[in-house]
Structure formats: C-alpha cells, structure tokens
Amino acid sequence: MPSFPTLSGLPGLAVLRAMARDRSILAGLAAMNKHLGNAFQITLPGFKPIVFVGPESNRHILVNGREDLVWRTESDPVVKLLRHGLLVEDGESHDCMRAVMEPTLNRTAVNGHIGAFWECTADISAGWAEDATVDMLVEMRKVALLILTETVFAVDFRPEMERLWKPVIRSVEFIAPGAWLLWPDMPRPGYKQDLAELDEYLYRIIGERRAVYAQTGKLGDDLLSVLVGYEKDGKGMDDDLIRDQLLTMIVAGHDTSTALLAWALYMLGSHPDALAEAQAEARAVLSDEPPTPEQLKELTYLDMVIKETLRLYPPLPVGNRRAAQDTEVLGYPIPQDNRVMFPIYLTHRDPELWDDPESFCPARFDRTQTKSNPPAFAYIPFGGGPRNCIGATYAQVEAKVVLGKILRDYDLELMPGAIHPHMGTTLEPRPGVKMRVRRTKNS
Ligand code: HEM
C-alpha cells in the first residue's frame with residue numbers, strides 16, 4: 001500500500017513562507033498540495049489529518065466510502081455545540097432527520113420564500129444612508145440572519161437582531177478551526193454566557209410555537225413548525241432535539257450565505273465589466289415587485305457570477321471526516337479515528353481541471369458556450385452525495401434575489417483596501433467589503 005508523503009526540509013519552509021505571506025492556512029495547504037501531490041498527511045503534534053484533493057477522492061469520501069468516513073468526532077466543538085443537529089449526525093439517525101427536514105427546503109418551499117428574500121433585503125438596505133460607505137460583510141450577515149429566521153423559523157428576528165448579534169457571532173466563532181485542533185480538551189472560556197443567551201432564545205421560540213399549536217391545532221410549513229408537529233409511533237420530538245436543529249440551521253444556514261454574498265459583491269466591485277453586466281441584467285429583468293421564479297431564471301449572468309464566486313471562494317473551503325474504522329481511500333490506508341480532509345478550495349483551483357483557475361471568469365459557467373465541463377465532483381461548493389447541503393437550492397435562490405435587488409437598486413463602488421480570505425467557520429473576505437452605495441433613480 002502506498003504511504004503518505006509528509007513535509008520536511010525545504011518544502012516545509014516553502015509552506016511556512018506561503019502561510020506567512022498570505023496569512024492563510026489555505027495558502028499552506030495549497031503549497032503542500034503543490035509539493036506533495038493530491039494525497040498527503042499533515043504531521044503536527046496531535047493533529048495528523050490525511051488530505052485528499054481532486055474529484056476521484058471527493059467522490060469516494062462523499063459517496064462510496066460514506067459509511068466508513070463519518071462526520072462526528074465527540075471532542076470537536078461543532079459536536080459540543082450542535083449536539084444532535086443534522087450536520088453532525090451519521091448513519092440512520094442522520095438519514096431520518098434529513099427526511100423530516102428536506103421538504104421544508106425543497107424547490108417548491110424555496111420558491112415560496114422569494115418574497116421574504118426580497119423584503120428582508122429591502123429592509124436592511126433601507127438603513128443605508130445615501131452615498132454612505134457600508135461594510136457588506138456586516139450588511140450581508142444582517143440580511144442572511146433576517147432571511148433565515150423569517151423563512152426557516154417563521155419568526156420576526158428584527159426586535160432580537162441587536163441583542164443576539166454577538167451571541168450568534170460567538171456561536172460561529174466557537175466552532176471555527178483553532179488551537180483546539182491540536183489540543184482537543186483545551187478550556188474555551190468566554191463563550192458560556194453568549195451561548196446560553198442564544199439557547200434561551202431558541203427554547204423560547206420552540207415553547208411559543210408549541211403554545212400556538214396547542215391553542216389552534218394549526219402549524220405552518222416552516223422547519224420549526226414541522227419539527228414541533230413531528231410525530232412517529234405516537235412520540236414527538238423533544239425541545240432539546242429541536243433546539244439542536246434550529247442552532248444547526250443558524251450556524252450552517254446564515255454564515256455560509258453571508259460569505260457567499262459578501263464575496264460576490266467583492267468580486268463584482270473589483271471587476272467593473274462584470275458589475276456593469278450584472279447590473280444591466282438586473283435592471284432589465286427585475287421590477288419593483290419581488291421576482292417570479294421565471295424572472296430569476298432570466299438572471300443568467302448573475303447565476304454565473306454566483307457559481308464562479310462559489311468556485312473561487314467556497315464558503316466551506318475544507319471538508320472533514322473521521323475514519324470510523326480502518327479503511328482505504330483510493331488505495332491509501334486510513335487508520336481508525338484518523339481525520340480525513342478534502343479541501344474543496346484546492347479542487348476548485350486545480351489547473352488540471354480548470355483553465356486559468358485563479359481568474360474570476362463567470363463565462364466558464366456559460367452552458368451555451370462551454371465545450372467541456374469539469375468532471376463530476378470537481379465542483380462541490382455544496383458538497384455531494386447523500387449528505388450534500390440541504391440548503392443548496394435555498395442558498396442559490398436567496399443569493400440571486402438578494403444580489404439582484406441590490407444591483408437593481410444601487411450603484412456600487414468598492415473602496416480601496418486589501419482583502420484576504422480568512423478561514424474561520426466559513427471563508428470570509430476580511431477585514432470586510434467596504435462599498436459606497438448610491439440609490440439609482442427610479443428604484
Ligand atoms: C452559500 C451557501 C452555502 C454553502 C456554500 C453550503 C455548503 C455546504 C456544504 C459543503 C455542506 C456539506 C458539508 C460536508 O459534507 O461536510 C453543507 C451541509 C449542510 N448545509 Fe449548507 N451551505 C450553504 C447554505 C446553507 C443553507 C442556507 C442552509 C439552511 C437553510 C444550510 C444547511 C446545511 C445543513 C443542515 C447541512 C448538513 C446536511 C447533512 O449533513 O445532511 N446550508 N452545506
């Protein structure tokens with residue numbers, strides 16, 4: 001069996017240099033990929049993940065080897081936070097929960113949310129003063145949070161936004177990669193109060209929904225209502241399990257969208273031709289009213305901008321699994337309990353798969369032009385296989401509506417300043433995306 005190349009000597013220095021230059025773990029992974037190939041092992045004290053890059057290994061990890069390569073590692077902060085949330089469950093309990101939740105996020109359900117996507121964007125952008133410079137990383141987080149809570153929980157989050165802003169951000173920070181990877185049981189002071197405040201809110205809205213159900217016997221078709229109304233063999237779901245799904249949705253469903261929206265605006269702001277084309281399209285297709293699904297289909301250029309942004313800056317840049325038992329990936333041995341990582345970011349920039357991979361080129365997703373598509377599992381911003389992103393349709397429609405509305409209503413100018421991809425829980429444009437916004441006439 002082949003063994004894994006690891007770093008030593010000069011390539012090790014090159015990796016450290018790349019990480020220092022770009023201030024990014026991803027730059028380090030990219031340098032290792034260059035020096036060691038598409039299968040290698042990181043060998044730090046206490047942290048020895050095996051890393052695979054490329055469509056073949058992606059397919060194996062996500063589909064064929066799914067039973068052996070599981071999500072859950074009890075000591076990871078994401079498991080401590082989400083407990084039994086869909087994202088961190090495996091096997092049957094994952095598949096059962098997924099089947100309950102899926103109908104609330106399918107295409108029909110998402111089409112029913114287009115009006116909310118539009119109105120929430122209008123609400124947040126109404127707070128932008130004329131000619132002001134706003135940070136789109138912050139503004140898109142407000143939009144994404146408002147949208148998620150309004151559509152997935154059917155609650156009005158506006159009165160809570162200010163109070164819960166920090167608790168939400170802290171919940172996301174709690175699970176970001178950090179020193180705990182080397183020291184799994186390290187103390188994590190400073191989170192308790194914020195996480196408790198978020199929990200208090202989630203248990204409250206669960207209780208309120210139960211009360212409405214008890215009084216009226218009626219429930220909506222949003223996720224919170226479906227979980228409250230769930231019953232199998234005469235048994236419902238308890239508050240703890242519902243809380244785990246709601247927190248999973250907050251974490252997985254708003255931080256990712258925030259990153260996508262902020263990166264897309266940054267890419268448009270730094271590519272004036274693309275901005276002009278996307279803006280012209282939005283103004284030709286969209287009106288004062290929320291768009292219909294058919295109108296959204298006409299936003300073909302914006303669709304390509306979103307896809308290309310997800311290729312260059314996948315909000316979840318590195319996938320992670322644990323070997324439940326001794327297993328193999330493409331003939332390489334993986335010992336039980338070893339971590340396996342699949343950096344989506346690197347597959348998306350592999351020169352063997354993409355022409356000019358570092359360039360922002362929306363036209364590469366032009367279905368009428370593209371001669372050869374990259375192979376399956378070469379483009380996986382939403383993962384793949386049975387546990388691909390449950391919110392993939394939702395997120396893409398949401399991005400089209402939010403960006404379409406902003407492009408229609410505003411002229412945008414990116415303010416100068418360096419931006420780097422920061423790998424927190426998601427890949428974010430840091431320190432932010434400062435844009436001057438001017439409302440266009442007639443909007
Ligand atoms: C641009 C936005 C988004 C991106 C790029 C994204 C990406 C992903 C990826 C890559 C996975 C698979 C992770 C893995 O296999 O390890 C995933 C799973 C998941 N996503 Fe998303 N996501 C986005 C938006 C959303 C939204 C809006 C929601 C909820 C409304 C959501 C909820 C989830 C959940 C619950 C899972 C776990 C699914 C399962 O294990 O069955 N995501 N997402």
# chains A, B, ... in the order shown; residues from 1 in each chain; ligands from 1
call {"tool": "residues_near_ligand", "arguments": {"ligand": "ligand 1", "cutoff": "6 Å", "atoms": "only C-alpha atoms and all ligand atoms", "output": "list in words"}}
result
Leu86, Leu87, Arg98, Met249, Ala252, Gly253, Thr256, Ser257, Leu260, Pro314, Pro315, Leu316, Gly319, Asn320, Pro381, Phe382, Gly383, Arg387, Asn388, Cys389, Ile390, Gly391, Ala392, Tyr394 and Ala395 of chain A
call {"tool": "write_last_selection", "arguments": {"atoms": "N, CA and C atoms", "output": "short mmCIF file (atom, residue, chain, number, x, y, z; two decimals), in the first residue's frame"}}
result
data_model
loop_
_atom_site.label_atom_id
_atom_site.label_comp_id
_atom_site.auth_asym_id
_atom_site.auth_seq_id
_atom_site.Cartn_x
_atom_site.Cartn_y
_atom_site.Cartn_z
N LEU A 86 -28.48 17.95 12.60
CA LEU A 86 -28.32 17.17 11.36
C LEU A 86 -26.87 17.14 10.86
N LEU A 87 -26.21 18.27 10.92
CA LEU A 87 -24.85 18.39 10.36
C LEU A 87 -23.87 17.41 10.99
N ARG A 98 -32.92 13.95 8.25
CA ARG A 98 -32.83 14.63 6.94
C ARG A 98 -34.16 14.51 6.19
N MET A 249 -29.24 25.16 11.89
CA MET A 249 -29.67 25.99 10.76
C MET A 249 -29.09 27.39 10.87
N ALA A 252 -25.22 26.76 10.07
CA ALA A 252 -24.91 26.30 8.70
C ALA A 252 -25.61 27.16 7.65
N GLY A 253 -26.70 27.80 8.03
CA GLY A 253 -27.54 28.45 7.02
C GLY A 253 -27.37 29.95 6.88
N THR A 256 -22.68 30.79 5.97
CA THR A 256 -22.30 30.43 4.60
C THR A 256 -22.86 31.43 3.59
N SER A 257 -24.13 31.77 3.75
CA SER A 257 -24.74 32.72 2.81
C SER A 257 -24.10 34.10 2.95
N LEU A 260 -20.90 33.96 0.96
CA LEU A 260 -21.14 33.99 -0.49
C LEU A 260 -21.53 35.39 -0.96
N PRO A 314 -15.25 29.00 -1.99
CA PRO A 314 -16.30 28.16 -1.40
C PRO A 314 -16.44 28.47 0.08
N PRO A 315 -17.64 28.85 0.55
CA PRO A 315 -17.78 29.24 1.96
C PRO A 315 -17.30 28.17 2.93
N LEU A 316 -17.49 26.89 2.58
CA LEU A 316 -16.88 25.84 3.40
C LEU A 316 -15.69 25.30 2.60
N GLY A 319 -13.54 20.19 3.65
CA GLY A 319 -14.42 19.18 4.25
C GLY A 319 -13.63 18.31 5.21
N ASN A 320 -14.32 17.71 6.14
CA ASN A 320 -13.66 17.00 7.23
C ASN A 320 -14.44 15.74 7.59
N PRO A 381 -19.18 23.09 -4.25
CA PRO A 381 -19.35 24.09 -3.18
C PRO A 381 -20.39 23.67 -2.15
N PHE A 382 -21.34 22.81 -2.58
CA PHE A 382 -22.37 22.34 -1.64
C PHE A 382 -22.15 20.88 -1.25
N GLY A 383 -20.92 20.42 -1.37
CA GLY A 383 -20.63 19.03 -1.04
C GLY A 383 -21.22 18.11 -2.11
N ARG A 387 -25.33 13.40 1.81
CA ARG A 387 -25.39 14.48 2.81
C ARG A 387 -24.80 15.76 2.24
N ASN A 388 -25.18 16.03 0.97
CA ASN A 388 -24.81 17.33 0.41
C ASN A 388 -25.63 18.40 1.14
N CYS A 389 -25.37 19.65 0.80
CA CYS A 389 -26.03 20.73 1.53
C CYS A 389 -27.55 20.66 1.36
N ILE A 390 -28.25 20.57 2.45
CA ILE A 390 -29.72 20.50 2.40
C ILE A 390 -30.31 21.86 1.98
N GLY A 391 -29.48 22.91 2.14
CA GLY A 391 -29.94 24.26 1.78
C GLY A 391 -29.38 24.75 0.45
N ALA A 392 -28.92 23.83 -0.42
CA ALA A 392 -28.25 24.26 -1.66
C ALA A 392 -29.19 25.06 -2.58
N TYR A 394 -32.00 26.56 -1.69
CA TYR A 394 -32.35 27.75 -0.92
C TYR A 394 -31.26 28.81 -1.08
N ALA A 395 -30.00 28.41 -0.87
CA ALA A 395 -28.90 29.38 -0.85
C ALA A 395 -28.71 30.03 -2.22
#
call {"tool": "residues_around", "arguments": {"residues": "segment 78-80 of chain A", "least_positions_apart": "3", "cutoff": "6 Å", "atoms": "only C-alpha atoms", "output": "number ranges by chain"}}
result
A: 74, 83, 175
call {"tool": "select_by_dssp", "arguments": {"residues": "segment 181-372 of chain A", "states": "strand (DSSP E)", "output": "list in words"}}
result
Val318, Gly319, Asn320, Arg321, Arg322, Ala323, Thr327, Glu328, Val329, Tyr332, Pro333, Ile334, Arg339, Val340, Met341, Phe342 and Pro343 of chain A
call {"tool": "write_last_selection", "arguments": {"atoms": "C-alpha atoms", "output": "JSON list (two decimals), in the first residue's frame"}}
result
[["chain", "number", "residue", "atom", "x", "y", "z"],
["A", 318, "VAL", "CA", -12.30, 22.27, 3.64],
["A", 319, "GLY", "CA", -14.42, 19.18, 4.25],
["A", 320, "ASN", "CA", -13.66, 17.00, 7.23],
["A", 321, "ARG", "CA", -14.39, 13.37, 8.17],
["A", 322, "ARG", "CA", -13.20, 10.72, 10.68],
["A", 323, "ALA", "CA", -12.47, 7.08, 9.84],
["A", 327, "THR", "CA", -10.41, 1.88, 5.80],
["A", 328, "GLU", "CA", -8.92, 2.96, 2.48],
["A", 329, "VAL", "CA", -9.29, 5.94, 0.17],
["A", 332, "TYR", "CA", -4.32, 4.61, 0.68],
["A", 333, "PRO", "CA", -4.71, 3.17, 4.18],
["A", 334, "ILE", "CA", -6.62, 5.28, 6.71],
["A", 339, "ARG", "CA", -9.12, 12.64, 10.35],
["A", 340, "VAL", "CA", -9.55, 12.90, 6.57],
["A", 341, "MET", "CA", -9.76, 16.33, 4.98],
["A", 342, "PHE", "CA", -10.86, 17.25, 1.45],
["A", 343, "PRO", "CA", -10.08, 20.87, 0.64]]
call {"tool": "residues_around", "arguments": {"residues": "Cys361 of chain A", "least_positions_apart": "5", "cutoff": "12 Å", "atoms": "only C-alpha atoms", "output": "NGL selection string"}}
result
:A and (267-268 or 271 or 273-274 or 301 or 304-312 or 354-356 or 366)
call {"tool": "write_last_selection", "arguments": {"atoms": "N, CA and C atoms", "output": "PDB file, in the first residue's frame"}}
result
ATOM      1  N   MET A 267     -16.252  40.468  -5.618  1.00  0.00           N
ATOM      2  CA  MET A 267     -15.806  40.107  -6.963  1.00  0.00           C
ATOM      3  C   MET A 267     -16.386  41.081  -7.987  1.00  0.00           C
ATOM      4  N   LEU A 268     -17.653  41.452  -7.824  1.00  0.00           N
ATOM      5  CA  LEU A 268     -18.255  42.411  -8.751  1.00  0.00           C
ATOM      6  C   LEU A 268     -17.582  43.776  -8.613  1.00  0.00           C
ATOM      7  N   HIS A 271     -14.348  43.873 -10.371  1.00  0.00           N
ATOM      8  CA  HIS A 271     -14.374  43.577 -11.813  1.00  0.00           C
ATOM      9  C   HIS A 271     -15.467  44.435 -12.459  1.00  0.00           C
ATOM     10  N   ASP A 273     -16.370  45.404 -15.359  1.00  0.00           N
ATOM     11  CA  ASP A 273     -17.168  44.922 -16.504  1.00  0.00           C
ATOM     12  C   ASP A 273     -18.241  43.954 -16.045  1.00  0.00           C
ATOM     13  N   ALA A 274     -17.863  43.084 -15.129  1.00  0.00           N
ATOM     14  CA  ALA A 274     -18.833  42.109 -14.607  1.00  0.00           C
ATOM     15  C   ALA A 274     -19.942  42.834 -13.839  1.00  0.00           C
ATOM     16  N   TYR A 301     -26.619  35.826 -16.218  1.00  0.00           N
ATOM     17  CA  TYR A 301     -25.260  36.292 -15.938  1.00  0.00           C
ATOM     18  C   TYR A 301     -24.991  36.266 -14.429  1.00  0.00           C
ATOM     19  N   MET A 304     -24.112  32.934 -13.226  1.00  0.00           N
ATOM     20  CA  MET A 304     -22.706  32.550 -13.490  1.00  0.00           C
ATOM     21  C   MET A 304     -21.760  33.233 -12.497  1.00  0.00           C
ATOM     22  N   VAL A 305     -22.092  34.478 -12.140  1.00  0.00           N
ATOM     23  CA  VAL A 305     -21.265  35.204 -11.150  1.00  0.00           C
ATOM     24  C   VAL A 305     -21.299  34.455  -9.814  1.00  0.00           C
ATOM     25  N   ILE A 306     -22.479  33.998  -9.428  1.00  0.00           N
ATOM     26  CA  ILE A 306     -22.621  33.276  -8.150  1.00  0.00           C
ATOM     27  C   ILE A 306     -21.831  31.966  -8.213  1.00  0.00           C
ATOM     28  N   LYS A 307     -21.963  31.245  -9.316  1.00  0.00           N
ATOM     29  CA  LYS A 307     -21.244  29.959  -9.435  1.00  0.00           C
ATOM     30  C   LYS A 307     -19.731  30.166  -9.405  1.00  0.00           C
ATOM     31  N   GLU A 308     -19.275  31.207 -10.103  1.00  0.00           N
ATOM     32  CA  GLU A 308     -17.828  31.439 -10.153  1.00  0.00           C
ATOM     33  C   GLU A 308     -17.302  31.918  -8.792  1.00  0.00           C
ATOM     34  N   THR A 309     -18.115  32.690  -8.080  1.00  0.00           N
ATOM     35  CA  THR A 309     -17.715  33.107  -6.729  1.00  0.00           C
ATOM     36  C   THR A 309     -17.599  31.880  -5.822  1.00  0.00           C
ATOM     37  N   LEU A 310     -18.554  30.965  -5.951  1.00  0.00           N
ATOM     38  CA  LEU A 310     -18.512  29.744  -5.127  1.00  0.00           C
ATOM     39  C   LEU A 310     -17.328  28.855  -5.502  1.00  0.00           C
ATOM     40  N   ARG A 311     -16.880  28.938  -6.756  1.00  0.00           N
ATOM     41  CA  ARG A 311     -15.696  28.153  -7.144  1.00  0.00           C
ATOM     42  C   ARG A 311     -14.447  28.751  -6.473  1.00  0.00           C
ATOM     43  N   LEU A 312     -14.284  30.056  -6.602  1.00  0.00           N
ATOM     44  CA  LEU A 312     -13.054  30.677  -6.074  1.00  0.00           C
ATOM     45  C   LEU A 312     -13.047  30.757  -4.556  1.00  0.00           C
ATOM     46  N   TRP A 354      -9.288  23.179 -14.369  1.00  0.00           N
ATOM     47  CA  TRP A 354      -9.852  24.480 -14.729  1.00  0.00           C
ATOM     48  C   TRP A 354      -8.821  25.287 -15.523  1.00  0.00           C
ATOM     49  N   ASP A 355      -9.267  25.925 -16.614  1.00  0.00           N
ATOM     50  CA  ASP A 355      -8.388  26.850 -17.326  1.00  0.00           C
ATOM     51  C   ASP A 355      -8.222  28.092 -16.479  1.00  0.00           C
ATOM     52  N   ASP A 356      -6.999  28.583 -16.411  1.00  0.00           N
ATOM     53  CA  ASP A 356      -6.732  29.842 -15.719  1.00  0.00           C
ATOM     54  C   ASP A 356      -7.471  29.894 -14.358  1.00  0.00           C
ATOM     55  N   ASP A 366     -20.950  29.363 -18.543  1.00  0.00           N
ATOM     56  CA  ASP A 366     -21.946  29.627 -19.583  1.00  0.00           C
ATOM     57  C   ASP A 366     -22.266  28.314 -20.299  1.00  0.00           C
TER      58      ASP A 366
END
call {"tool": "select_by_dssp", "arguments": {"residues": "segment 109-332 of chain A", "states": "alpha helix (DSSP H)", "output": "ChimeraX atom specification"}}
result
/A:109-111,114-125,136-148,161-174,192-216,223-229,239-269,272-285,293-298,300-312
call {"tool": "closest_residue", "arguments": {"among": "A:Thr292, A:Thr347, A:Leu164, A:Lys235", "to": "Val51 of chain A", "atoms": "only C-alpha atoms"}}
result
A:Thr347
call {"tool": "closest_residue", "arguments": {"among": "A:Pro291, A:Pro317, A:Pro177, A:Gly112", "to": "Tyr379 of chain A", "atoms": "only C-alpha atoms"}}
result
A:Pro317
call {"tool": "residues_around", "arguments": {"residues": "segment 92-96 of chain A", "least_positions_apart": "2", "cutoff": "12 Å", "atoms": "only C-alpha atoms", "output": "list of chain:residue names"}}
result
A:Glu67, A:Val70, A:Trp71, A:Arg72, A:His84, A:Gly85, A:Leu86, A:Leu87, A:Val88, A:Glu89, A:Asp90, A:Arg98, A:Ala99, A:Val100, A:Met101, A:Glu102, A:Tyr230, A:Lys232, A:Leu241, A:Gln245, A:Pro386, A:Arg387, A:Asn388, A:Ile390
call {"tool": "write_last_selection", "arguments": {"atoms": "N, CA and C atoms", "output": "CSV table (one decimal), in the first residue's frame"}}
result
chain,number,residue,atom,x,y,z
A,67,GLU,N,-20.0,5.2,4.6
A,67,GLU,CA,-20.2,4.5,5.8
A,67,GLU,C,-19.0,4.5,6.7
A,70,VAL,N,-17.0,9.2,8.7
A,70,VAL,CA,-18.2,9.8,9.4
A,70,VAL,C,-17.9,11.2,9.8
A,71,TRP,N,-18.9,11.9,10.1
A,71,TRP,CA,-18.8,13.3,10.5
A,71,TRP,C,-18.4,13.6,11.9
A,72,ARG,N,-19.0,12.7,12.8
A,72,ARG,CA,-19.0,13.1,14.2
A,72,ARG,C,-17.7,12.7,14.9
A,84,HIS,N,-27.0,17.1,18.6
A,84,HIS,CA,-27.6,16.1,17.7
A,84,HIS,C,-28.2,16.8,16.4
A,85,GLY,N,-27.6,17.9,16.1
A,85,GLY,CA,-28.0,18.6,14.9
A,85,GLY,C,-27.7,17.8,13.7
A,86,LEU,N,-28.5,17.9,12.6
A,86,LEU,CA,-28.3,17.2,11.4
A,86,LEU,C,-26.9,17.1,10.9
A,87,LEU,N,-26.2,18.3,10.9
A,87,LEU,CA,-24.8,18.4,10.4
A,87,LEU,C,-23.9,17.4,11.0
A,88,VAL,N,-24.1,17.1,12.3
A,88,VAL,CA,-23.0,16.3,13.0
A,88,VAL,C,-23.5,14.9,13.3
A,89,GLU,N,-24.7,14.5,12.7
A,89,GLU,CA,-25.2,13.1,12.9
A,89,GLU,C,-24.7,12.2,11.8
A,90,ASP,N,-24.7,10.9,12.0
A,90,ASP,CA,-24.3,10.0,11.0
A,90,ASP,C,-25.3,8.9,10.9
A,98,ARG,N,-32.9,14.0,8.2
A,98,ARG,CA,-32.8,14.6,6.9
A,98,ARG,C,-34.2,14.5,6.2
A,99,ALA,N,-34.8,13.3,6.3
A,99,ALA,CA,-36.0,13.1,5.6
A,99,ALA,C,-37.1,14.0,6.1
A,100,VAL,N,-37.1,14.3,7.4
A,100,VAL,CA,-38.1,15.1,8.0
A,100,VAL,C,-37.9,16.6,7.6
A,101,MET,N,-36.6,17.0,7.5
A,101,MET,CA,-36.3,18.4,7.2
A,101,MET,C,-36.4,18.8,5.7
A,102,GLU,N,-36.1,17.8,4.9
A,102,GLU,CA,-35.9,18.1,3.4
A,102,GLU,C,-37.1,18.8,2.8
A,230,TYR,N,-43.9,17.2,14.5
A,230,TYR,CA,-43.5,15.8,14.1
A,230,TYR,C,-44.0,14.8,15.1
A,232,LYS,N,-44.0,10.3,15.5
A,232,LYS,CA,-43.8,9.0,14.9
A,232,LYS,C,-44.1,8.0,16.0
A,241,LEU,N,-33.9,18.3,21.1
A,241,LEU,CA,-33.5,17.9,19.7
A,241,LEU,C,-34.0,19.0,18.7
A,245,GLN,N,-31.5,21.3,16.0
A,245,GLN,CA,-31.7,21.5,14.6
A,245,GLN,C,-31.8,23.0,14.3
A,386,PRO,N,-25.3,11.8,-0.4
A,386,PRO,CA,-26.5,11.8,0.4
A,386,PRO,C,-26.5,12.9,1.5
A,387,ARG,N,-25.3,13.4,1.8
A,387,ARG,CA,-25.4,14.5,2.8
A,387,ARG,C,-24.8,15.8,2.2
A,388,ASN,N,-25.2,16.0,1.0
A,388,ASN,CA,-24.8,17.3,0.4
A,388,ASN,C,-25.6,18.4,1.1
A,390,ILE,N,-28.3,20.6,2.5
A,390,ILE,CA,-29.7,20.5,2.4
A,390,ILE,C,-30.3,21.9,2.0
call {"tool": "residues_around", "arguments": {"residues": "Asp221 of chain A", "least_positions_apart": "2", "cutoff": "10 Å", "atoms": "only C-alpha atoms", "output": "VMD selection string"}}
result
chain A and resid 103 to 104 109 151 to 154 219 223 to 227 229
call {"tool": "write_last_selection", "arguments": {"atoms": "N, CA and C atoms", "output": "CSV table (one decimal), in the first residue's frame"}}
result
chain,number,residue,atom,x,y,z
A,103,PRO,N,-38.3,18.4,3.0
A,103,PRO,CA,-39.4,19.1,2.3
A,103,PRO,C,-39.5,20.6,2.7
A,104,THR,N,-39.0,21.0,3.8
A,104,THR,CA,-39.1,22.4,4.2
A,104,THR,C,-38.1,23.3,3.4
A,109,ALA,N,-40.8,24.8,-1.7
A,109,ALA,CA,-40.7,25.6,-0.4
A,109,ALA,C,-39.9,26.9,-0.7
A,151,THR,N,-37.8,32.7,7.3
A,151,THR,CA,-38.3,31.7,6.4
A,151,THR,C,-38.2,30.3,7.1
A,152,VAL,N,-37.1,30.0,7.8
A,152,VAL,CA,-36.9,28.6,8.3
A,152,VAL,C,-37.6,28.5,9.7
A,153,PHE,N,-37.7,29.6,10.4
A,153,PHE,CA,-38.3,29.5,11.8
A,153,PHE,C,-39.7,30.2,11.8
A,154,ALA,N,-40.0,31.0,10.7
A,154,ALA,CA,-41.2,31.8,10.7
A,154,ALA,C,-41.3,32.7,11.9
A,219,LEU,N,-50.4,24.5,12.4
A,219,LEU,CA,-48.9,24.8,12.2
A,219,LEU,C,-48.6,25.2,10.8
A,223,LEU,N,-39.7,25.1,8.9
A,223,LEU,CA,-39.0,24.0,9.6
A,223,LEU,C,-39.3,23.9,11.1
A,224,LEU,N,-39.4,25.0,11.8
A,224,LEU,CA,-39.7,25.0,13.2
A,224,LEU,C,-41.1,24.3,13.5
A,225,SER,N,-42.0,24.7,12.6
A,225,SER,CA,-43.4,24.1,12.8
A,225,SER,C,-43.4,22.6,12.5
A,226,VAL,N,-42.7,22.2,11.5
A,226,VAL,CA,-42.6,20.8,11.1
A,226,VAL,C,-42.0,20.0,12.2
A,227,LEU,N,-41.0,20.5,12.9
A,227,LEU,CA,-40.3,19.8,14.0
A,227,LEU,C,-41.2,19.7,15.2
A,229,GLY,N,-44.5,19.8,15.1
A,229,GLY,CA,-45.6,18.9,14.8
A,229,GLY,C,-45.2,17.5,14.5
call {"tool": "atom_distance", "arguments": {"atom1": "atom CA of Leu412 of chain A", "atom2": "atom CA of Arg283 of chain A"}}
result
13.9 Å
call {"tool": "atom_distance", "arguments": {"atom1": "atom CA of Asp131 of chain A", "atom2": "atom CA of Glu119 of chain A"}}
result
21.7 Å
call {"tool": "atom_distance", "arguments": {"atom1": "atom CA of Gly217 of chain A", "atom2": "atom CA of Val155 of chain A"}}
result
18.2 Å
call {"tool": "closest_residue", "arguments": {"among": "A:Pro290, A:Gly384, A:Pro189, A:Pro351", "to": "Cys120 of chain A", "atoms": "only C-alpha atoms"}}
result
A:Pro290
call {"tool": "closest_residue", "arguments": {"among": "A:Arg210, A:Arg438, A:Arg141, A:Lys400", "to": "Glu298 of chain A", "atoms": "only C-alpha atoms"}}
result
A:Lys400
call {"tool": "closest_residue", "arguments": {"among": "A:Gly37, A:Pro77, A:Pro55, A:Gly28", "to": "Pro5 of chain A", "atoms": "only C-alpha atoms"}}
result
A:Gly37
call {"tool": "residues_around", "arguments": {"residues": "Gln336 of chain A", "least_positions_apart": "5", "cutoff": "6 Å", "atoms": "only C-alpha atoms", "output": "PDB file with N, CA and C atoms, in the first residue's frame"}}
result
ATOM      1  N   ALA A 323     -12.325   8.497  10.211  1.00  0.00           N
ATOM      2  CA  ALA A 323     -12.468   7.084   9.842  1.00  0.00           C
ATOM      3  C   ALA A 323     -13.107   6.342  11.019  1.00  0.00           C
ATOM      4  N   ALA A 324     -14.307   5.777  10.801  1.00  0.00           N
ATOM      5  CA  ALA A 324     -14.999   5.057  11.873  1.00  0.00           C
ATOM      6  C   ALA A 324     -14.303   3.728  12.157  1.00  0.00           C
ATOM      7  N   GLN A 325     -13.594   3.212  11.164  1.00  0.00           N
ATOM      8  CA  GLN A 325     -12.786   2.000  11.332  1.00  0.00           C
ATOM      9  C   GLN A 325     -11.637   2.081  10.330  1.00  0.00           C
ATOM     10  N   ASP A 326     -10.696   1.143  10.411  1.00  0.00           N
ATOM     11  CA  ASP A 326      -9.625   1.122   9.416  1.00  0.00           C
ATOM     12  C   ASP A 326     -10.260   1.055   8.037  1.00  0.00           C
TER      13      ASP A 326
END
